[in-house]
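Asker: Below you'll find upload_31.cif; it's mmCIF, C-alpha atoms.
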data_structure
loop_
_atom_site.label_atom_id
_atom_site.label_comp_id
_atom_site.auth_asym_id
_atom_site.auth_seq_id
_atom_site.Cartn_x
_atom_site.Cartn_y
_atom_site.Cartn_z
CA MET A 493 487.94 -0.89 83.09
CA LYS A 494 491.36 -0.31 84.64
CA MET A 495 492.97 1.63 81.76
CA LEU A 496 490.05 4.08 81.75
CA GLN A 497 490.00 4.56 85.53
CA GLU A 498 493.74 5.25 85.56
CA LYS A 499 493.34 7.77 82.76
CA ILE A 500 490.51 9.52 84.64
CA LEU A 501 492.59 9.69 87.83
CA LYS A 502 495.68 10.94 86.01
CA GLU A 503 494.20 13.31 83.42
CA GLY A 504 490.61 14.05 84.42
CA LYS A 505 489.90 17.42 86.01
CA VAL A 506 487.29 17.84 88.72
CA ILE A 507 485.46 21.17 88.69
CA GLY A 508 483.28 22.00 91.68
CA ASP A 509 481.37 19.04 93.12
CA SER A 510 479.75 17.50 90.05
CA ILE A 511 481.74 18.18 86.87
CA LEU A 512 484.48 15.91 85.57
CA LYS A 513 486.39 17.22 82.56
CA VAL A 514 487.79 14.49 80.34
CA ASP A 515 488.38 16.66 77.31
CA GLY A 516 492.08 15.76 77.19
CA PHE A 517 491.45 12.14 76.18
CA LEU A 518 487.75 11.49 75.60
CA ASN A 519 485.55 14.28 74.32
CA HIS A 520 487.57 17.03 72.67
CA GLN A 521 491.04 15.56 72.31
CA ILE A 522 490.68 11.78 72.00
CA ASP A 523 493.20 9.03 72.70
CA PRO A 524 492.63 6.55 69.85
CA ILE A 525 494.18 3.60 71.74
CA LEU A 526 491.80 4.20 74.65
CA VAL A 527 488.67 4.31 72.49
CA GLN A 528 489.82 1.19 70.62
CA GLU A 529 490.14 -0.62 73.97
CA ILE A 530 486.72 0.72 74.99
CA GLY A 531 485.31 -0.89 71.82
CA LYS A 532 486.86 -4.24 72.74
CA GLU A 533 485.62 -4.02 76.32
CA PHE A 534 482.00 -3.45 75.23
CA LYS A 535 482.34 -6.42 72.86
CA ARG A 536 483.35 -8.55 75.85
CA ARG A 537 480.41 -7.28 77.91
CA PHE A 538 477.70 -7.51 75.23
CA GLY A 539 479.23 -10.21 73.01
CA ASP A 540 476.40 -12.69 73.67
CA GLU A 541 473.77 -10.38 72.19
CA LYS A 542 472.90 -10.55 68.49
CA ILE A 543 473.44 -6.83 67.86
CA THR A 544 472.50 -5.48 64.40
CA LYS A 545 473.13 -1.74 64.98
CA VAL A 546 475.12 0.44 67.33
CA LEU A 547 473.45 3.78 68.12
CA THR A 548 474.98 6.88 69.69
CA ILE A 549 474.45 10.64 69.63
CA GLU A 550 476.72 13.26 68.09
CA ALA A 551 479.34 14.33 68.72
CA SER A 552 481.36 12.91 71.58
CA GLY A 553 479.88 9.40 71.48
CA ILE A 554 481.01 8.76 67.92
CA ALA A 555 484.71 8.04 68.47
CA MET A 556 484.07 5.21 70.91
CA ALA A 557 480.89 3.89 69.28
CA ILE A 558 482.61 3.39 65.91
CA PHE A 559 485.03 0.92 67.55
CA VAL A 560 482.11 -0.91 69.17
CA ALA A 561 480.49 -1.15 65.72
CA LEU A 562 483.77 -2.44 64.27
CA GLU A 563 484.02 -5.13 66.95
CA PHE A 564 480.45 -6.32 66.30
CA GLY A 565 480.79 -5.96 62.51
CA VAL A 566 477.61 -3.86 62.26
CA PRO A 567 476.89 -0.26 61.22
CA LEU A 568 477.02 2.68 63.61
CA VAL A 569 474.13 5.15 63.48
CA PHE A 570 474.58 8.48 65.21
CA ALA A 571 471.58 10.59 66.15
CA LYS A 572 471.81 14.17 64.95
CA LYS A 573 471.07 17.30 66.94
CA TYR A 574 469.58 19.09 63.97
CA LYS A 575 467.70 17.85 60.93
CA PRO A 576 469.73 17.96 57.68
CA LEU A 577 467.97 19.52 54.71
CA THR A 578 468.26 16.25 52.80
CA MET A 579 466.73 14.02 55.48
CA GLU A 580 463.15 13.25 54.59
CA ASN A 581 461.72 10.64 56.93
CA SER A 582 462.99 10.72 60.46
CA TYR A 583 462.26 9.76 64.02
CA HIS A 584 462.27 12.81 66.22
CA THR A 585 462.56 13.29 69.95
CA VAL A 586 463.37 16.10 72.37
CA VAL A 587 466.22 15.73 74.84
CA HIS A 588 466.63 17.85 77.92
CA SER A 589 470.24 18.65 78.73
CA PHE A 590 470.59 19.18 82.48
CA THR A 591 474.17 20.44 81.99
CA LYS A 592 473.24 23.01 79.36
CA LYS A 593 469.82 23.70 80.88
CA ARG A 594 467.96 23.55 77.58
CA ASP A 595 466.02 21.22 75.28
CA PHE A 596 467.31 20.15 71.91
CA ASP A 597 465.89 18.20 68.99
CA VAL A 598 467.34 14.83 68.08
CA VAL A 599 466.65 13.00 64.83
CA VAL A 600 467.48 9.65 63.23
CA SER A 601 466.53 8.76 59.67
CA LYS A 602 463.86 6.06 59.40
CA ASP A 603 466.10 4.37 56.83
CA PHE A 604 468.62 3.24 59.41
CA ILE A 605 466.69 1.80 62.34
CA LYS A 606 464.04 -0.75 61.42
CA GLU A 607 461.62 -3.00 63.25
CA ASN A 608 463.92 -6.04 63.30
CA ASP A 609 466.97 -4.22 64.57
CA VAL A 610 468.64 -5.19 67.84
CA VAL A 611 470.33 -2.03 69.04
CA LEU A 612 473.25 -1.47 71.39
CA ILE A 613 473.25 2.15 72.58
CA ILE A 614 476.63 3.68 73.45
CA ASP A 615 477.37 7.05 75.04
CA ASP A 616 480.32 8.69 76.73
CA PHE A 617 478.51 9.95 79.84
CA LEU A 618 475.45 8.95 81.84
CA ALA A 619 474.27 11.36 84.52
CA GLN A 620 470.55 12.17 84.72
CA GLY A 621 469.93 10.09 81.59
CA GLY A 622 468.33 12.77 79.41
CA ALA A 623 470.12 11.86 76.17
CA MET A 624 469.67 8.13 76.84
CA ALA A 625 465.90 8.53 77.31
CA GLY A 626 465.80 10.21 73.90
CA LEU A 627 467.76 7.44 72.19
CA ILE A 628 465.56 4.76 73.79
CA ASP A 629 462.49 6.68 72.63
CA ILE A 630 463.80 6.67 69.05
CA VAL A 631 464.47 2.91 69.11
CA GLY A 632 460.94 2.47 70.46
CA GLN A 633 459.44 4.57 67.67
CA ALA A 634 461.18 2.25 65.19
CA LYS A 635 459.69 -0.75 67.05
CA ALA A 636 463.24 -2.09 67.31
CA LYS A 637 464.76 -3.66 70.45
CA VAL A 638 467.25 -2.09 72.86
CA SER A 639 469.60 -4.95 73.59
CA GLY A 640 471.87 -3.06 75.95
CA ILE A 641 473.29 0.28 77.00
CA GLY A 642 477.03 0.83 77.17
CA ILE A 643 478.33 3.86 79.04
CA VAL A 644 481.94 4.96 79.29
CA ILE A 645 481.61 7.08 82.45
CA GLU A 646 478.57 6.89 84.73
CA LYS A 647 478.00 9.44 87.44
CA GLY A 648 476.76 6.95 90.01
CA PHE A 649 475.63 9.76 92.33
CA GLN A 650 473.03 10.89 89.78
CA ASP A 651 469.81 9.11 88.87
CA GLY A 652 470.20 7.99 85.25
CA GLY A 653 471.75 4.55 85.79
CA LYS A 654 469.37 3.63 88.60
CA LYS A 655 466.30 4.52 86.50
CA LEU A 656 467.53 2.58 83.45
CA ARG A 657 468.40 -0.54 85.47
CA GLY A 658 465.04 -0.23 87.25
CA ASP A 659 463.35 -0.26 83.85
CA GLY A 660 465.09 -3.57 83.10
CA TYR A 661 467.81 -2.45 80.72
CA LYS A 662 471.20 -4.13 80.76
CA VAL A 663 473.48 -1.17 81.51
CA GLU A 664 477.25 -1.64 81.49
CA SER A 665 479.39 1.30 82.59
CA LEU A 666 483.16 1.10 82.22
CA ALA A 667 483.77 3.54 85.08
CA ILE A 668 481.24 4.45 87.76
CA ILE A 669 482.00 7.54 89.79
CA LYS A 670 480.71 7.49 93.36
CA GLY A 671 481.59 11.09 94.00
CA PHE A 672 484.36 13.63 94.36
CA GLU A 673 486.46 14.28 97.46
CA ASN A 674 488.83 17.24 97.65
CA GLY A 675 488.94 17.48 93.87
CA LYS A 676 489.68 13.73 93.49
CA VAL A 677 487.48 11.17 91.75
CA ILE A 678 486.18 8.32 93.91
CA PHE A 679 485.13 5.15 92.05
CA MET B 935 490.38 4.58 46.71
CA LYS B 936 488.50 1.82 44.95
CA MET B 937 486.42 0.52 47.90
CA LEU B 938 485.12 4.04 48.55
CA GLN B 939 484.32 4.78 44.90
CA GLU B 940 482.39 1.51 44.60
CA LYS B 941 480.45 2.30 47.76
CA ILE B 942 479.59 5.78 46.43
CA LEU B 943 478.41 4.35 43.10
CA LYS B 944 476.37 1.61 44.76
CA GLU B 945 474.89 3.40 47.77
CA GLY B 946 475.33 7.14 47.24
CA LYS B 947 472.27 9.13 46.23
CA VAL B 948 472.50 12.08 43.86
CA ILE B 949 470.01 14.86 44.52
CA GLY B 950 469.70 17.60 41.93
CA ASP B 951 472.97 18.62 40.27
CA SER B 952 475.24 19.22 43.24
CA ILE B 953 474.23 17.13 46.26
CA LEU B 954 475.57 13.65 46.96
CA LYS B 955 473.98 11.87 49.92
CA VAL B 956 476.27 9.36 51.60
CA ASP B 957 474.32 9.09 54.84
CA GLY B 958 473.93 5.32 54.44
CA PHE B 959 477.64 4.59 55.02
CA LEU B 960 479.56 7.76 55.87
CA ASN B 961 477.82 10.56 57.75
CA HIS B 962 474.72 9.32 59.56
CA GLN B 963 474.94 5.55 59.36
CA ILE B 964 478.64 4.61 59.17
CA ASP B 965 480.29 1.46 57.85
CA PRO B 966 483.09 0.78 60.37
CA ILE B 967 485.14 -1.35 57.95
CA LEU B 968 485.09 1.47 55.40
CA VAL B 969 486.27 4.14 57.86
CA GLN B 970 488.97 1.78 59.16
CA GLU B 971 490.24 1.37 55.57
CA ILE B 972 490.05 5.15 55.09
CA GLY B 973 492.33 5.52 58.13
CA LYS B 974 494.85 3.08 56.60
CA GLU B 975 494.73 4.82 53.22
CA PHE B 976 495.51 8.23 54.74
CA LYS B 977 498.42 6.62 56.63
CA ARG B 978 499.77 5.39 53.27
CA ARG B 979 499.39 8.86 51.72
CA PHE B 980 500.78 10.94 54.60
CA GLY B 981 503.02 8.33 56.26
CA ASP B 982 506.22 10.26 55.55
CA GLU B 983 505.09 13.28 57.56
CA LYS B 984 505.92 13.52 61.28
CA ILE B 985 502.31 14.14 62.36
CA THR B 986 501.71 14.98 66.04
CA LYS B 987 497.95 15.69 65.93
CA VAL B 988 494.99 14.85 63.72
CA LEU B 989 492.36 17.62 63.57
CA THR B 990 488.78 17.39 62.31
CA ILE B 991 485.45 19.11 62.95
CA GLU B 992 482.37 17.64 64.57
CA ALA B 993 480.41 15.60 63.88
CA SER B 994 480.79 13.65 60.64
CA GLY B 995 484.60 13.88 60.39
CA ILE B 996 485.16 12.12 63.72
CA ALA B 997 484.51 8.50 62.71
CA MET B 998 487.15 8.52 59.97
CA ALA B 999 489.62 10.83 61.72
CA ILE B 1000 489.83 8.60 64.80
CA PHE B 1001 491.15 5.77 62.61
CA VAL B 1002 493.71 8.12 61.05
CA ALA B 1003 494.81 9.08 64.57
CA LEU B 1004 495.04 5.40 65.51
CA GLU B 1005 497.21 4.66 62.46
CA PHE B 1006 499.60 7.51 63.28
CA GLY B 1007 499.52 6.80 67.02
CA VAL B 1008 498.66 10.42 67.87
CA PRO B 1009 495.64 12.12 69.48
CA LEU B 1010 492.61 13.30 67.51
CA VAL B 1011 491.30 16.78 68.26
CA PHE B 1012 487.87 17.67 66.98
CA ALA B 1013 486.81 21.30 66.62
CA LYS B 1014 483.50 22.09 68.30
CA LYS B 1015 480.65 24.07 66.82
CA TYR B 1016 479.77 25.68 70.13
CA LYS B 1017 481.85 26.60 73.15
CA PRO B 1018 481.38 24.28 76.14
CA LEU B 1019 480.80 26.01 79.49
CA THR B 1020 483.94 24.40 80.89
CA MET B 1021 486.30 25.49 78.08
CA GLU B 1022 488.33 28.47 79.22
CA ASN B 1023 491.01 29.29 76.67
CA SER B 1024 490.15 28.59 73.09
CA TYR B 1025 490.96 29.46 69.52
CA HIS B 1026 487.89 30.75 67.77
CA THR B 1027 486.97 31.16 64.13
CA VAL B 1028 483.84 31.64 62.06
CA VAL B 1029 482.97 29.20 59.29
CA HIS B 1030 480.56 29.94 56.50
CA SER B 1031 478.48 26.94 55.45
CA PHE B 1032 477.51 27.32 51.80
CA THR B 1033 475.15 24.33 52.11
CA LYS B 1034 473.32 25.68 55.15
CA LYS B 1035 473.72 29.32 54.09
CA ARG B 1036 474.83 30.51 57.52
CA ASP B 1037 477.89 31.24 59.63
CA PHE B 1038 478.76 29.22 62.68
CA ASP B 1039 481.34 29.51 65.43
CA VAL B 1040 484.09 26.92 65.72
CA VAL B 1041 486.36 26.52 68.75
CA VAL B 1042 489.35 24.43 69.77
CA SER B 1043 490.85 24.53 73.26
CA LYS B 1044 494.32 26.10 73.41
CA ASP B 1045 495.40 23.12 75.51
CA PHE B 1046 495.34 20.75 72.54
CA ILE B 1047 497.07 22.48 69.64
CA LYS B 1048 500.44 24.00 70.47
CA GLU B 1049 503.18 25.79 68.60
CA ASN B 1050 505.25 22.67 67.91
CA ASP B 1051 502.37 20.58 66.59
CA VAL B 1052 502.41 19.16 63.07
CA VAL B 1053 498.77 18.77 62.15
CA LEU B 1054 497.01 16.54 59.64
CA ILE B 1055 493.51 17.90 58.97
CA ILE B 1056 490.84 15.34 58.01
CA ASP B 1057 487.29 15.96 56.82
CA ASP B 1058 484.58 13.95 55.09
CA PHE B 1059 483.72 16.50 52.37
CA LEU B 1060 485.50 19.32 50.56
CA ALA B 1061 483.38 21.57 48.36
CA GLN B 1062 483.88 25.34 48.67
CA GLY B 1063 486.33 24.81 51.50
CA GLY B 1064 484.58 26.87 54.17
CA ALA B 1065 485.15 24.47 57.07
CA MET B 1066 488.71 23.76 55.94
CA ALA B 1067 489.58 27.48 55.90
CA GLY B 1068 488.36 27.67 59.50
CA LEU B 1069 490.45 24.69 60.62
CA ILE B 1070 493.57 26.09 58.90
CA ASP B 1071 492.92 29.42 60.60
CA ILE B 1072 492.83 27.70 64.00
CA VAL B 1073 496.12 25.86 63.35
CA GLY B 1074 497.60 29.23 62.30
CA GLN B 1075 496.40 30.92 65.50
CA ALA B 1076 498.23 28.19 67.44
CA LYS B 1077 501.37 28.87 65.33
CA ALA B 1078 501.39 25.15 64.55
CA LYS B 1079 502.04 23.63 61.10
CA VAL B 1080 499.48 22.16 58.70
CA SER B 1081 501.31 19.13 57.35
CA GLY B 1082 498.54 17.96 55.05
CA ILE B 1083 494.83 17.85 54.34
CA GLY B 1084 493.01 14.55 53.90
CA ILE B 1085 489.56 14.59 52.34
CA VAL B 1086 487.28 11.60 51.90
CA ILE B 1087 485.10 13.03 49.10
CA GLU B 1088 486.10 16.12 47.13
CA LYS B 1089 483.64 17.86 44.86
CA GLY B 1090 486.15 18.59 42.10
CA PHE B 1091 483.68 20.87 40.32
CA GLN B 1092 483.73 23.30 43.23
CA ASP B 1093 486.58 25.62 44.21
CA GLY B 1094 487.84 24.38 47.59
CA GLY B 1095 490.49 21.91 46.42
CA LYS B 1096 491.90 24.23 43.78
CA LYS B 1097 492.30 27.08 46.28
CA LEU B 1098 494.00 24.89 48.89
CA ARG B 1099 496.44 23.35 46.37
CA GLY B 1100 497.10 26.84 44.99
CA ASP B 1101 498.03 27.94 48.51
CA GLY B 1102 500.62 25.14 48.60
CA TYR B 1103 498.88 22.61 50.85
CA LYS B 1104 499.29 18.89 50.25
CA VAL B 1105 495.68 17.83 49.69
CA GLU B 1106 494.83 14.14 49.28
CA SER B 1107 491.24 13.24 48.38
CA LEU B 1108 490.19 9.60 48.35
CA ALA B 1109 487.44 10.22 45.80
CA ILE B 1110 487.18 13.25 43.54
CA ILE B 1111 483.82 13.84 41.91
CA LYS B 1112 483.96 15.52 38.52
CA GLY B 1113 480.23 15.96 38.30
CA PHE B 1114 476.88 14.25 38.02
CA GLU B 1115 475.25 12.93 34.82
CA ASN B 1116 471.66 11.70 34.83
CA GLY B 1117 471.76 11.15 38.57
CA LYS B 1118 475.05 9.18 38.36
CA VAL B 1119 478.37 10.16 39.95
CA ILE B 1120 481.26 10.76 37.51
CA PHE B 1121 484.76 10.43 39.02
#
Step by step, read the file and then write its structure as structure tokens.

Answerer:
Amino acid sequence: MKMLQEKILKEGKVIGDSILKVDGFLNHQIDPILVQEIGKEFKRRFGDEKITKVLTIEASGIAMAIFVALEFGVPLVFAKKYKPLTMENSYHTVVHSFTKKRDFDVVVSKDFIKENDVVLIIDDFLAQGGAMAGLIDIVGQAKAKVSGIGIVIEKGFQDGGKKLRGDGYKVESLAIIKGFENGKVIF
Amino acid sequence: MKMLQEKILKEGKVIGDSILKVDGFLNHQIDPILVQEIGKEFKRRFGDEKITKVLTIEASGIAMAIFVALEFGVPLVFAKKYKPLTMENSYHTVVHSFTKKRDFDVVVSKDFIKENDVVLIIDDFLAQGGAMAGLIDIVGQAKAKVSGIGIVIEKGFQDGGKKLRGDGYKVESLAIIKGFENGKVIF
């Protein structure tokens, strides 16, 4: 997606040899026009699927996933990183964050993903695939179907995308980063 | 806002005498059409103000605030409940959650709220006003201006709204709950 790649080149900040900061337009400050276009782009790429739910994980996936949900005309469900006091029946999984070097709990209420659901999973980043494995596990617990996986920025030099495609999932990434050279992003 | 009130009456769940669960359409599963309309409604109510930034707090404020930002054509900044490893300079405040009976840290990067900013703060709920006080504190630290406060659901029987209006803020709530009677919401 050209608009996204240009934004990454212009405003993204490379730190060391594996971190790309996009907090100026994607995951702390968010450009609403960009996430709206991201929603439209995922509709183009997954438009043939009969999606019934969009699923993401709090917090930084929400702003783009809500536009995907709007395009498909279906609800967005976001997985929570803690269990609210008022949530009674939930699917639960543990996600390992390689960036933060710790495990965290992830829950989704059983009310919102059901056996007949066809789920499109959206997230802002895919690197090792820890969060994505957790979301797929939750859809599996619900006996629902993962119809596709939409990623905004994939770190192509890490294993997550390769594993998911190897497992047969349709993965669409709007920008795939090959690596970094002299502090510049290479697509 | 009629569409929101009808949704609350039809799908909201009252628990005890002070909790309203709206996790079926607002803060776990989200109806994208509803949050899009919420964005338009806040534009109608604050359209005369020269807003430069929309500010909310993760996670459940993001889905509605991004549509407000889209309507105004300005960036959304969401306050984070932990400090990312890559965030260097940040405003910091402590918010007391009356619901969860604990304090938590809230941060916003200094890069994204500046002295000349005119900020519209958006949140899904206003009860005692703990989170809102924290967001106002952060805007104050940046020496920016709070132009208005947009709330989706205000618990009118709790103190937050009264305090904020008493302090001179323009507070617009799309649904104000007077109380609960026999498990039903009274507006």

Asker: Once the PyMOL selection byres ((chain A) within 7 of (chain B)) is applied to the coordinates I shared, what remains selected? I want it as a compact mmCIF listing (two decimals) with C-alpha atoms, in the frame of the given file.

Answerer:
# COMPACT_ATOMS: atom_id res chain seq x y z
CA HIS A 520 487.57 17.03 72.67
CA GLN A 521 491.04 15.56 72.31
CA ILE A 522 490.68 11.78 72.00
CA ASP A 523 493.20 9.03 72.70
CA PRO A 524 492.63 6.55 69.85
CA ILE A 525 494.18 3.60 71.74
CA GLU A 550 476.72 13.26 68.09
CA ALA A 551 479.34 14.33 68.72
CA ILE A 554 481.01 8.76 67.92
CA ALA A 555 484.71 8.04 68.47
CA ILE A 558 482.61 3.39 65.91
CA ALA A 561 480.49 -1.15 65.72
CA LEU A 562 483.77 -2.44 64.27
CA PRO A 567 476.89 -0.26 61.22
CA LEU A 568 477.02 2.68 63.61
CA VAL A 569 474.13 5.15 63.48
CA PHE A 570 474.58 8.48 65.21
CA PHE A 604 468.62 3.24 59.41

Asker: Where does the PyMOL selection byres ((chain B and resi 1040) around 12) land in this file, that is, which residues does it pick, as a ChimeraX atom specification?

Answerer: /B:990-992,1012-1018,1024-1031,1037-1039,1041-1043,1064-1072

Asker: Determine the residue set returned by the PyMOL selection byres ((chain B and resi 1095) around 12) for the present structure, and present it as a PyMOL selection string.

Answerer: chain B and resi 1059-1064+1066-1067+1083-1085+1087-1094+1096-1107+1110-1111

Asker: Distance atom CA of A:Ile530-atom CA of A:Lys494, one decimal place?

Answerer: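 Interatomic distance, atom CA of A:Ile530 to atom CA of A:Lys494: 10.8 Å.
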
Asker: Using atom CA of B:Glu945 and atom CA of B:Phe1032 as the two end points, give the distance in Å to one decimal.

Answerer: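 Answer for the atom CA of B:Glu945 to atom CA of B:Phe1032 separation: 24.4 Å.
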
Asker: Rounded to one decimal, what separation in Å do you get between atom CA of A:Val514 and atom CA of B:Ala1076?

Answerer: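 Pair atom CA of A:Val514 / atom CA of B:Ala1076 returns 21.5 Å.
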
Asker: Within 12 Å of B:Glu1115, counting only C-alpha atoms, which residues show up once you throw out same-chain ones fewer than 2 positions away? Write them as a PDB file with C-alpha atoms, keeping the file's coordinate frame, please.

Answerer:
ATOM      1  CA  VAL B 948     472.500  12.080  43.860  1.00  0.00           C
ATOM      2  CA  ILE B 949     470.010  14.860  44.520  1.00  0.00           C
ATOM      3  CA  GLY B 950     469.700  17.600  41.930  1.00  0.00           C
ATOM      4  CA  ASP B 951     472.970  18.620  40.270  1.00  0.00           C
ATOM      5  CA  SER B 952     475.240  19.220  43.240  1.00  0.00           C
ATOM      6  CA  ILE B1111     483.820  13.840  41.910  1.00  0.00           C
ATOM      7  CA  LYS B1112     483.960  15.520  38.520  1.00  0.00           C
ATOM      8  CA  GLY B1113     480.230  15.960  38.300  1.00  0.00           C
ATOM      9  CA  GLY B1117     471.760  11.150  38.570  1.00  0.00           C
ATOM     10  CA  LYS B1118     475.050   9.180  38.360  1.00  0.00           C
ATOM     11  CA  VAL B1119     478.370  10.160  39.950  1.00  0.00           C
ATOM     12  CA  ILE B1120     481.260  10.760  37.510  1.00  0.00           C
ATOM     13  CA  PHE B1121     484.760  10.430  39.020  1.00  0.00           C
TER      14      PHE B1121
END
